[in-house]
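Enquirer: Compact mmCIF, C-alpha atoms and all ligand atoms, saved as my_file35.txt, coming up:
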```
# COMPACT_ATOMS: atom_id res chain seq x y z
CA MET A 1 9.90 16.99 -2.59
CA THR A 2 9.75 13.85 -0.45
CA ARG A 3 9.99 13.26 3.28
CA ASP A 4 12.58 10.63 4.39
CA GLY A 5 13.11 9.92 0.71
CA THR A 6 9.63 8.41 0.35
CA LEU A 7 6.78 9.78 -1.72
CA GLY A 8 3.85 10.90 0.46
CA VAL A 9 0.65 9.92 -1.37
CA ALA A 10 -2.87 11.19 -0.69
CA VAL A 11 -5.36 8.49 -1.70
CA ILE A 12 -8.71 10.05 -2.62
CA GLY A 13 -11.64 7.67 -2.19
CA THR A 14 -11.55 4.67 0.12
CA GLY A 15 -14.02 2.35 -1.63
CA ARG A 16 -13.07 -1.03 -3.14
CA MET A 17 -10.24 0.32 -5.32
CA GLY A 18 -9.04 3.12 -3.03
CA SER A 19 -8.72 0.89 0.04
CA ASP A 20 -6.87 -1.70 -2.04
CA HIS A 21 -4.42 1.02 -3.16
CA VAL A 22 -3.97 2.14 0.47
CA ARG A 23 -3.05 -1.45 1.42
CA ARG A 24 -0.81 -1.75 -1.65
CA ILE A 25 1.15 1.46 -0.97
CA ASP A 26 1.45 0.56 2.72
CA GLU A 27 2.50 -3.08 2.26
CA VAL A 28 3.82 -3.68 -1.26
CA ILE A 29 5.17 -0.53 -2.87
CA SER A 30 8.74 0.68 -2.20
CA ASP A 31 9.67 4.32 -1.58
CA ALA A 32 6.11 5.54 -0.95
CA ARG A 33 3.83 5.98 2.07
CA VAL A 34 0.15 6.81 2.45
CA ALA A 35 0.33 10.31 3.91
CA ALA A 36 -3.41 11.03 3.75
CA VAL A 37 -6.72 9.45 2.81
CA VAL A 38 -9.84 11.28 1.71
CA ASP A 39 -13.45 10.17 1.72
CA ILE A 40 -16.64 12.22 1.84
CA ASP A 41 -17.69 9.76 4.54
CA GLY A 42 -15.54 11.02 7.43
CA GLU A 43 -15.86 7.84 9.47
CA ARG A 44 -14.73 5.72 6.52
CA ALA A 45 -11.74 8.05 6.00
CA LYS A 46 -10.77 7.77 9.66
CA ALA A 47 -11.12 3.97 9.59
CA ALA A 48 -8.81 3.79 6.53
CA ALA A 49 -6.28 6.20 8.12
CA ARG A 50 -6.14 4.20 11.35
CA ARG A 51 -4.68 1.23 9.45
CA VAL A 52 -1.58 3.22 8.43
CA ASP A 53 1.01 4.84 10.73
CA GLY A 54 1.12 8.61 10.43
CA CYS A 55 -1.75 8.84 7.94
CA ALA A 56 -4.15 11.81 8.15
CA ALA A 57 -7.89 11.56 7.36
CA TYR A 58 -9.75 14.21 5.33
CA THR A 59 -13.22 14.64 3.85
CA ASP A 60 -12.01 17.24 1.35
CA ALA A 61 -9.50 16.48 -1.42
CA ALA A 62 -8.14 20.05 -1.59
CA ALA A 63 -7.40 20.06 2.14
CA ALA A 64 -5.49 16.77 1.81
CA MET A 65 -3.46 18.15 -1.10
CA ALA A 66 -2.49 21.13 1.08
CA ASP A 67 -1.09 18.75 3.74
CA ASP A 68 2.70 19.23 4.07
CA GLY A 69 3.30 15.49 3.96
CA VAL A 70 1.57 15.07 0.58
CA ASP A 71 3.79 14.94 -2.52
CA ALA A 72 1.46 13.17 -4.97
CA VAL A 73 -2.17 12.16 -5.39
CA LEU A 74 -3.89 8.88 -6.26
CA ILE A 75 -7.52 9.46 -7.29
CA ALA A 76 -9.80 6.47 -6.72
CA SER A 77 -13.07 8.27 -6.03
CA PRO A 78 -16.13 7.79 -8.30
CA GLY A 79 -15.63 9.17 -11.85
CA PRO A 80 -17.79 12.31 -11.42
CA ALA A 81 -15.41 13.54 -8.67
CA HIS A 82 -12.25 13.16 -10.81
CA GLU A 83 -12.28 16.45 -12.73
CA ALA A 84 -12.29 18.70 -9.62
CA ALA A 85 -9.54 16.62 -7.97
CA LEU A 86 -7.38 16.64 -11.12
CA LEU A 87 -7.73 20.41 -11.57
CA GLU A 88 -6.84 20.95 -7.90
CA ALA A 89 -3.75 18.75 -8.28
CA PHE A 90 -2.70 20.67 -11.41
CA ALA A 91 -3.20 24.00 -9.56
CA ARG A 92 -0.73 22.69 -6.95
CA ASP A 93 1.48 21.08 -9.64
CA LEU A 94 1.19 17.70 -7.89
CA PRO A 95 1.73 14.42 -9.78
CA VAL A 96 -1.46 12.35 -10.09
CA LEU A 97 -2.37 8.74 -10.77
CA CYS A 98 -6.08 8.85 -11.65
CA GLU A 99 -8.14 5.67 -11.78
CA LYS A 100 -10.14 5.13 -14.97
CA PRO A 101 -12.25 6.67 -16.34
CA LEU A 102 -10.32 9.97 -16.43
CA THR A 103 -13.75 11.66 -16.20
CA PRO A 104 -17.22 10.36 -17.11
CA ASP A 105 -17.60 12.27 -20.43
CA ALA A 106 -15.51 13.64 -23.28
CA ALA A 107 -16.18 17.36 -22.58
CA SER A 108 -14.88 17.16 -19.01
CA ALA A 109 -11.94 14.95 -20.09
CA LEU A 110 -11.00 17.59 -22.68
CA ARG A 111 -11.09 20.29 -19.98
CA VAL A 112 -8.57 18.19 -18.00
CA VAL A 113 -6.35 17.75 -21.07
CA ARG A 114 -6.41 21.50 -21.77
CA ALA A 115 -5.66 22.35 -18.12
CA GLU A 116 -2.62 20.05 -18.18
CA ALA A 117 -1.53 21.45 -21.54
CA ARG A 118 -1.68 24.96 -20.00
CA LEU A 119 0.67 23.75 -17.23
CA GLY A 120 3.09 22.93 -20.03
CA HIS A 121 4.19 19.57 -18.63
CA ARG A 122 2.54 16.24 -17.94
CA ARG A 123 1.33 15.63 -14.41
CA ALA A 124 -1.36 12.93 -14.80
CA GLN A 125 -1.22 9.21 -15.47
CA VAL A 126 -4.51 7.35 -16.03
CA GLY A 127 -5.05 3.98 -14.31
CA PHE A 128 -5.51 1.75 -17.34
CA MET A 129 -3.95 -1.21 -15.52
CA ARG A 130 -4.08 -3.71 -18.39
CA ARG A 131 -1.01 -1.99 -19.82
CA TYR A 132 0.81 -3.39 -16.75
CA ASP A 133 -0.54 -6.97 -16.94
CA ALA A 134 2.27 -9.42 -17.77
CA ARG A 135 0.34 -11.24 -20.54
CA PHE A 136 -1.01 -8.07 -22.13
CA ARG A 137 2.54 -6.71 -22.20
CA GLN A 138 3.71 -9.89 -23.94
CA LEU A 139 0.90 -9.54 -26.46
CA LYS A 140 1.94 -5.93 -27.12
CA ALA A 141 5.59 -7.01 -27.55
CA VAL A 142 4.59 -9.74 -30.05
CA LEU A 143 2.49 -7.26 -32.03
CA ASP A 144 5.22 -4.59 -31.99
CA ALA A 145 7.84 -7.12 -33.12
CA GLY A 146 5.68 -7.91 -36.16
CA VAL A 147 5.52 -11.63 -35.30
CA LEU A 148 1.85 -11.78 -36.36
CA GLY A 149 2.25 -9.46 -39.33
CA ARG A 150 -0.28 -6.67 -39.74
CA PRO A 151 -3.02 -6.97 -37.08
CA LEU A 152 -6.42 -7.58 -38.66
CA MET A 153 -8.73 -8.20 -35.71
CA LEU A 154 -8.90 -8.38 -31.93
CA HIS A 155 -11.42 -10.66 -30.21
CA CYS A 156 -12.00 -9.51 -26.63
CA VAL A 157 -13.95 -10.99 -23.74
CA HIS A 158 -14.75 -9.00 -20.59
CA ARG A 159 -16.91 -10.73 -17.97
CA ASN A 160 -17.80 -9.66 -14.42
CA VAL A 161 -19.58 -11.85 -11.86
CA ALA A 162 -22.32 -9.30 -11.11
CA THR A 163 -22.99 -5.58 -11.08
CA GLY A 164 -23.61 -3.50 -7.96
CA PRO A 165 -26.67 -1.31 -7.40
CA GLY A 166 -27.05 1.57 -9.86
CA PHE A 167 -24.96 0.01 -12.64
CA THR A 168 -26.53 1.12 -15.95
CA SER A 169 -26.25 0.02 -19.59
CA THR A 170 -24.34 3.24 -20.28
CA MET A 171 -21.80 2.23 -17.63
CA THR A 172 -21.12 -1.05 -19.42
CA ILE A 173 -19.40 1.19 -21.99
CA SER A 174 -17.97 4.02 -19.87
CA ASP A 175 -16.92 1.90 -16.86
CA SER A 176 -16.17 -1.53 -18.35
CA VAL A 177 -15.56 -1.43 -22.13
CA VAL A 178 -13.41 1.67 -21.57
CA HIS A 179 -10.65 -0.86 -20.75
CA GLU A 180 -10.93 -2.52 -24.18
CA ILE A 181 -10.99 0.94 -25.76
CA ASP A 182 -7.66 1.76 -24.14
CA ALA A 183 -6.25 -1.72 -24.78
CA THR A 184 -7.15 -1.45 -28.49
CA ARG A 185 -5.54 2.00 -28.88
CA TRP A 186 -2.44 0.83 -26.99
CA LEU A 187 -2.02 -2.62 -28.56
CA LEU A 188 -2.62 -1.49 -32.13
CA GLY A 189 -1.26 2.06 -31.84
CA GLN A 190 -4.31 3.27 -33.79
CA GLU A 191 -7.28 5.48 -32.99
CA ILE A 192 -10.77 3.98 -32.95
CA ILE A 193 -12.87 5.73 -35.58
CA ALA A 194 -16.33 4.10 -35.26
CA VAL A 195 -18.37 2.05 -32.79
CA THR A 196 -21.37 -0.28 -33.25
CA VAL A 197 -23.21 -1.98 -30.38
CA LEU A 198 -25.39 -5.10 -30.72
CA ARG A 199 -27.70 -6.03 -27.88
CA PRO A 200 -29.02 -9.59 -27.69
CA THR A 201 -32.09 -10.34 -25.57
CA PRO A 202 -30.76 -9.69 -22.04
CA SER A 203 -29.88 -12.56 -19.75
CA ALA A 204 -32.77 -13.31 -17.37
CA VAL A 205 -30.22 -12.95 -14.57
CA ALA A 206 -29.36 -9.34 -15.49
CA PRO A 207 -30.93 -6.64 -13.29
CA GLU A 208 -34.14 -5.15 -14.71
CA GLY A 209 -33.38 -2.63 -17.48
CA LEU A 210 -29.72 -3.61 -17.95
CA SER A 211 -28.64 -4.69 -21.45
CA ASP A 212 -26.41 -7.64 -20.64
CA PRO A 213 -24.52 -9.10 -22.45
CA GLN A 214 -23.63 -6.83 -25.39
CA LEU A 215 -21.33 -7.09 -28.39
CA VAL A 216 -19.35 -3.94 -29.09
CA LEU A 217 -17.50 -3.46 -32.38
CA PHE A 218 -14.71 -0.95 -33.02
CA GLU A 219 -13.22 0.03 -36.36
CA THR A 220 -9.73 1.49 -36.21
CA ALA A 221 -7.98 4.08 -38.37
CA GLY A 222 -5.72 1.35 -39.76
CA GLY A 223 -8.65 -0.80 -40.91
CA ALA A 224 -8.66 -3.35 -38.07
CA VAL A 225 -11.93 -4.57 -36.52
CA VAL A 226 -12.30 -5.35 -32.80
CA ASP A 227 -15.15 -7.25 -31.17
CA VAL A 228 -15.82 -7.10 -27.42
CA GLU A 229 -18.17 -9.40 -25.56
CA ILE A 230 -19.12 -7.44 -22.45
CA PHE A 231 -21.08 -9.56 -19.95
CA VAL A 232 -21.24 -7.96 -16.52
CA ASN A 233 -23.55 -10.44 -14.77
CA CYS A 234 -22.09 -13.71 -16.03
CA GLY A 235 -22.33 -15.12 -12.50
CA PHE A 236 -19.35 -17.46 -12.53
CA GLY A 237 -16.20 -15.38 -12.41
CA TYR A 238 -14.09 -12.46 -13.65
CA GLN A 239 -12.53 -13.02 -17.08
CA VAL A 240 -10.64 -10.72 -19.41
CA ARG A 241 -9.12 -12.03 -22.64
CA CYS A 242 -7.81 -10.56 -25.85
CA GLU A 243 -6.83 -12.50 -28.96
CA ALA A 244 -5.02 -10.70 -31.76
CA VAL A 245 -5.37 -12.07 -35.29
CA GLY A 246 -2.69 -10.98 -37.73
CA GLU A 247 -1.72 -11.82 -41.30
CA HIS A 248 0.71 -14.50 -40.09
CA GLY A 249 -0.66 -15.76 -36.80
CA THR A 250 -2.64 -15.18 -33.63
CA ALA A 251 -1.77 -14.58 -29.98
CA ARG A 252 -4.05 -14.55 -26.95
CA ALA A 253 -3.64 -12.92 -23.53
CA GLY A 254 -5.75 -13.60 -20.47
CA ASP A 255 -6.34 -17.34 -20.55
CA ASP A 256 -6.69 -18.38 -16.95
CA ASP A 257 -3.18 -19.26 -15.87
CA GLY A 258 -3.63 -19.97 -12.17
CA LEU A 259 -2.82 -23.26 -10.47
CA TYR A 260 -3.87 -26.32 -12.48
CA VAL A 261 -4.99 -29.06 -10.11
CA ASN A 262 -5.57 -32.78 -10.75
CA ALA A 263 -7.44 -34.35 -7.81
CA ALA A 264 -10.41 -36.54 -6.99
CA GLY A 265 -10.78 -37.65 -10.60
CA ARG A 266 -11.06 -34.09 -11.96
CA TRP A 267 -8.73 -31.48 -13.47
CA GLY A 268 -9.09 -27.72 -13.34
CA GLY A 269 -8.40 -24.43 -11.60
CA GLU A 270 -10.12 -21.44 -10.05
CA ILE A 271 -11.59 -18.41 -11.78
CA PRO A 272 -10.89 -15.13 -9.92
CA GLN A 273 -14.03 -13.38 -8.76
CA ASP A 274 -13.06 -9.76 -9.39
CA TYR A 275 -10.55 -7.36 -10.91
CA VAL A 276 -8.76 -6.62 -7.63
CA VAL A 277 -7.67 -10.28 -7.58
CA ARG A 278 -7.29 -10.86 -11.35
CA PHE A 279 -5.20 -7.75 -11.90
CA ALA A 280 -3.41 -7.62 -8.50
CA ASP A 281 0.05 -7.94 -10.12
CA ALA A 282 -0.81 -5.37 -12.77
CA TYR A 283 -1.93 -2.85 -10.11
CA ASP A 284 1.28 -3.48 -8.14
CA ARG A 285 3.40 -2.90 -11.25
CA GLU A 286 1.38 0.16 -12.25
CA VAL A 287 1.62 1.90 -8.87
CA GLN A 288 5.34 1.04 -8.45
CA ALA A 289 6.08 2.40 -11.94
CA TRP A 290 4.15 5.59 -11.10
CA VAL A 291 6.02 6.04 -7.79
CA ASP A 292 9.41 5.39 -9.42
CA ALA A 293 8.74 7.77 -12.32
CA THR A 294 7.39 10.44 -9.96
CA ARG A 295 10.49 10.24 -7.76
CA ARG A 296 12.61 10.71 -10.90
CA GLY A 297 10.49 13.77 -11.77
CA GLU A 298 8.95 12.01 -14.79
CA VAL A 299 5.45 11.03 -15.90
CA THR A 300 5.11 7.78 -17.81
CA GLY A 301 2.15 5.49 -18.56
CA PRO A 302 -1.22 6.34 -20.10
CA SER A 303 -1.70 10.10 -20.38
CA ALA A 304 -4.63 12.45 -19.88
CA TRP A 305 -4.87 12.44 -23.69
CA ASP A 306 -5.36 8.64 -23.60
CA GLY A 307 -8.07 9.23 -20.98
CA TYR A 308 -9.76 11.82 -23.20
CA ALA A 309 -9.53 9.67 -26.36
CA ALA A 310 -11.11 6.77 -24.44
CA ALA A 311 -13.89 9.08 -23.20
CA ALA A 312 -14.58 10.25 -26.77
CA VAL A 313 -14.89 6.63 -27.95
CA CYS A 314 -17.17 5.88 -24.95
CA GLU A 315 -19.39 8.78 -25.99
CA ALA A 316 -19.72 7.32 -29.50
CA GLY A 317 -20.32 3.89 -27.91
CA VAL A 318 -23.15 5.17 -25.70
CA CYS A 319 -24.73 6.84 -28.75
CA ALA A 320 -24.35 3.62 -30.79
CA GLN A 321 -25.93 1.68 -27.94
CA ALA A 322 -28.95 4.00 -27.83
CA THR A 323 -29.51 4.27 -31.59
CA GLY A 324 -28.37 0.86 -32.80
CA GLU A 325 -26.41 2.77 -35.49
CA ARG A 326 -22.72 2.69 -36.39
CA THR A 327 -21.41 5.90 -34.77
CA THR A 328 -18.23 7.70 -35.73
CA VAL A 329 -15.82 9.06 -33.11
CA THR A 330 -14.96 12.77 -32.99
CA LEU A 331 -11.60 13.70 -31.47
CA ALA A 332 -10.42 17.25 -30.72
CA PRO A 333 -6.97 18.23 -32.04
CA ARG A 334 -4.21 16.67 -29.95
CA PRO A 335 -2.18 19.32 -28.03
CA ALA A 336 1.59 19.42 -28.66
CA LEU A 337 2.19 18.20 -25.07
CA TYR A 338 0.87 14.80 -26.15
CA GLY A 339 2.73 14.68 -29.44
CA GLY A 340 0.05 16.49 -31.52
C1 LIG A 401 -14.71 -1.73 -12.91
O1 LIG A 401 -14.86 -0.37 -12.58
C2 LIG A 401 -13.35 -1.96 -13.47
O2 LIG A 401 -12.61 -1.08 -13.78
C3 LIG A 401 -13.10 -3.37 -13.85
O3 LIG A 401 -11.81 -3.55 -14.33
C4 LIG A 401 -14.12 -3.78 -14.90
O4 LIG A 401 -13.94 -5.13 -15.20
C5 LIG A 401 -15.53 -3.57 -14.37
O5 LIG A 401 -16.44 -3.93 -15.39
C6 LIG A 401 -15.73 -2.13 -13.96
O6 LIG A 401 -17.04 -1.97 -13.43
```
Let me see whether you can do it: turn the structure in this file into structure tokens.
Expert:
Amino acid sequence: MTRDGTLGVAVIGTGRMGSDHVRRIDEVISDARVAAVVDIDGERAKAAARRVDGCAAYTDAAAAMADDGVDAVLIASPGPAHEAALLEAFARDLPVLCEKPLTPDAASALRVVRAEARLGHRRAQVGFMRRYDARFRQLKAVLDAGVLGRPLMLHCVHRNVATGPGFTSTMTISDSVVHEIDATRWLLGQEIIAVTVLRPTPSAVAPEGLSDPQLVLFETAGGAVVDVEIFVNCGFGYQVRCEAVGEHGTARAGDDDGLYVNAAGRWGGEIPQDYVVRFADAYDREVQAWVDATRRGEVTGPSAWDGYAAAAVCEAGVCAQATGERTTVTLAPRPALYGG
């Protein structure tokens, strides 16, 4: 399956995330090489390929997957392009790491789940990188060990410095809060059954028409309540935190734990400016775990079902945002492949 014992990866999409993954696989990850890069912008694909020895450039994902040197696929293109790339990878029975969101809506995510279920074995892992962050993993271990007792609430904070052009209120749910949706399902091991969204008067700094910040509330099947402050134009830095409150205690992941400096009569540290920096270690761990599992012939990590469940909660969230009403989540039956 592999050439020279290394996994040949086709990276689809060479934007912010895709080019960071190309660098990561080339410089950090063991037992893998970037065999091909794909971008609809041919010049951008060629520029990315030039940085890696022996890497081919394509404008078409299917053509890259047909390349003899390609053993696996990492999808980092915009969400609307994911479904076609995933179905093509399944048709070729290639292992895939797909950046979040799995797809932009629940109907297309369910089509992906059903296509994988028809294959009869798992091929896709979804890039919910918080599951690979050291502190989030500690929080999960503390919860699983019962140290806090039964979890009652999660308080989450998710702040970005600023949004790029075209970022909509809907995307605050489907592109940003989707991480808290997955983190909630993973940390608590419970499905989210209802979503409510509160929208304060937008910050004057937010782009025209964007609801920012917002407070998103989840109710889980086990009776826990989760609040998420999503603030995507906070201006000062990138922050992600999650505090679990249980019957016997609390635990918080994501407090800034960089270098603490005392100098010139002041104390303090730096706030990272984006997710590529804040979650660099988590991405490294995630991609290495995917490569290692793939080379063993296994698929671990968040599944296509997790991607679908998150998309279904996003859909309820977008509806709650538009109507101001508490909106219940509808989930299709879980196929046996995912433990249904
Ligand atoms: C972005 O796409 C990400 O996935 C980041 O983790 C998130 O913080 C940001 O809000 C999204 O736009």
Enquirer: Please list as an MDAnalysis selection string every residue within 12 Å of A:Ala293, counting all atoms listed in the file and excluding residues in the same chain fewer than 3 positions away.
Expert: chainID A and resid 7 31:32 72 95:97 122:125 285:290 296:301
Enquirer: Taking only C-alpha atoms and all ligand atoms into account, name the residue in A:Gly42, A:Gly268, A:Pro101, A:Gly235 that is nearest to ligand LIG 401 (chain A).
Expert: A:Pro101
Enquirer: Do you have the atom CA of A:Ala282-atom CA of A:Ala221 distance handy?
Expert: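 Answer for the atom CA of A:Ala282 to atom CA of A:Ala221 separation: 28.2 Å.
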Enquirer: Any residue with an atom at most 8 Å from ligand LIG 401 (chain A) counts, using only C-alpha atoms and all ligand atoms. Which are they? Put them as a list in words.
Expert: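 For ligand LIG 401 (chain A), the residues inside 8 Å are Lys100, His158, Arg159, Asn160, Thr163, Met171, Thr172, Asp175, Ser176, Val177, His179, Val232, Tyr238, Val240, Asp274, Tyr275 and Val276 of chain A.
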Enquirer: What does the structure give for the distance between atom CA of A:Lys140 and atom CA of A:Thr250, in Å to one decimal?
Expert: 12.2 Å
Enquirer: Give the answer as one residue: which of A:Arg23, A:Arg16, A:Arg50, A:Arg92 has the shortest atom-to-atom distance to A:Ala64, using all atoms listed in the file?
Expert: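 Counting all atoms listed in the file, the residue closest to A:Ala64 is A:Arg92.
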Enquirer: Please report the interatomic distance between atom CA of A:Leu87 and atom CA of A:Arg24 in Å with one decimal.
Expert: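 We find that atom CA of A:Leu87 and atom CA of A:Arg24 lie 25.2 Å from each other.
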Enquirer: Within 7 Å of (2.2, 9.2, 3.3), all atoms listed in the file: residues as a list of chain:residue names?
Expert: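 Looking at atoms near the point gives A:Leu7, A:Gly8, A:Val9, A:Ala10, A:Ala32, A:Arg33, A:Val34, A:Ala35, A:Ala36, A:Cys55, A:Gly69, A:Val70.
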Enquirer: Which residue out of A:Gly249, A:Pro335, A:Ala316, A:Asp255 has the minimum interatomic distance to A:Ser303 when all atoms listed in the file are used?
Expert: A:Pro335
Enquirer: Tell me which of A:Ala263, A:Ala134, A:Gly79, A:His248 sits closest to A:Ser108, counting all atoms listed in the file.
Expert: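 Closest to A:Ser108 of all the choices is A:Gly79.
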Enquirer: Closest to A:Asn233 among A:Glu247, A:Asp212, A:Glu219, A:Glu88, using all atoms listed in the file?
Expert: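 Among the listed residues, the smallest separation from A:Asn233 belongs to A:Asp212.
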Enquirer: Give me the residues within 10 Å of A:Ala47 as a PyMOL selection string, counting all atoms listed in the file and dropping any in the same chain fewer than 6 places off.
Expert: chain A and resi 14+37+57
Enquirer: Could you check the closest approach to A:Gly13 for each of A:Val195, A:Ala244, A:Val38, A:Leu217 and tell me which residue wins, using all atoms listed in the file?
Expert: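 Once distances to A:Gly13 are computed over all atoms listed in the file, the minimum belongs to A:Val38.
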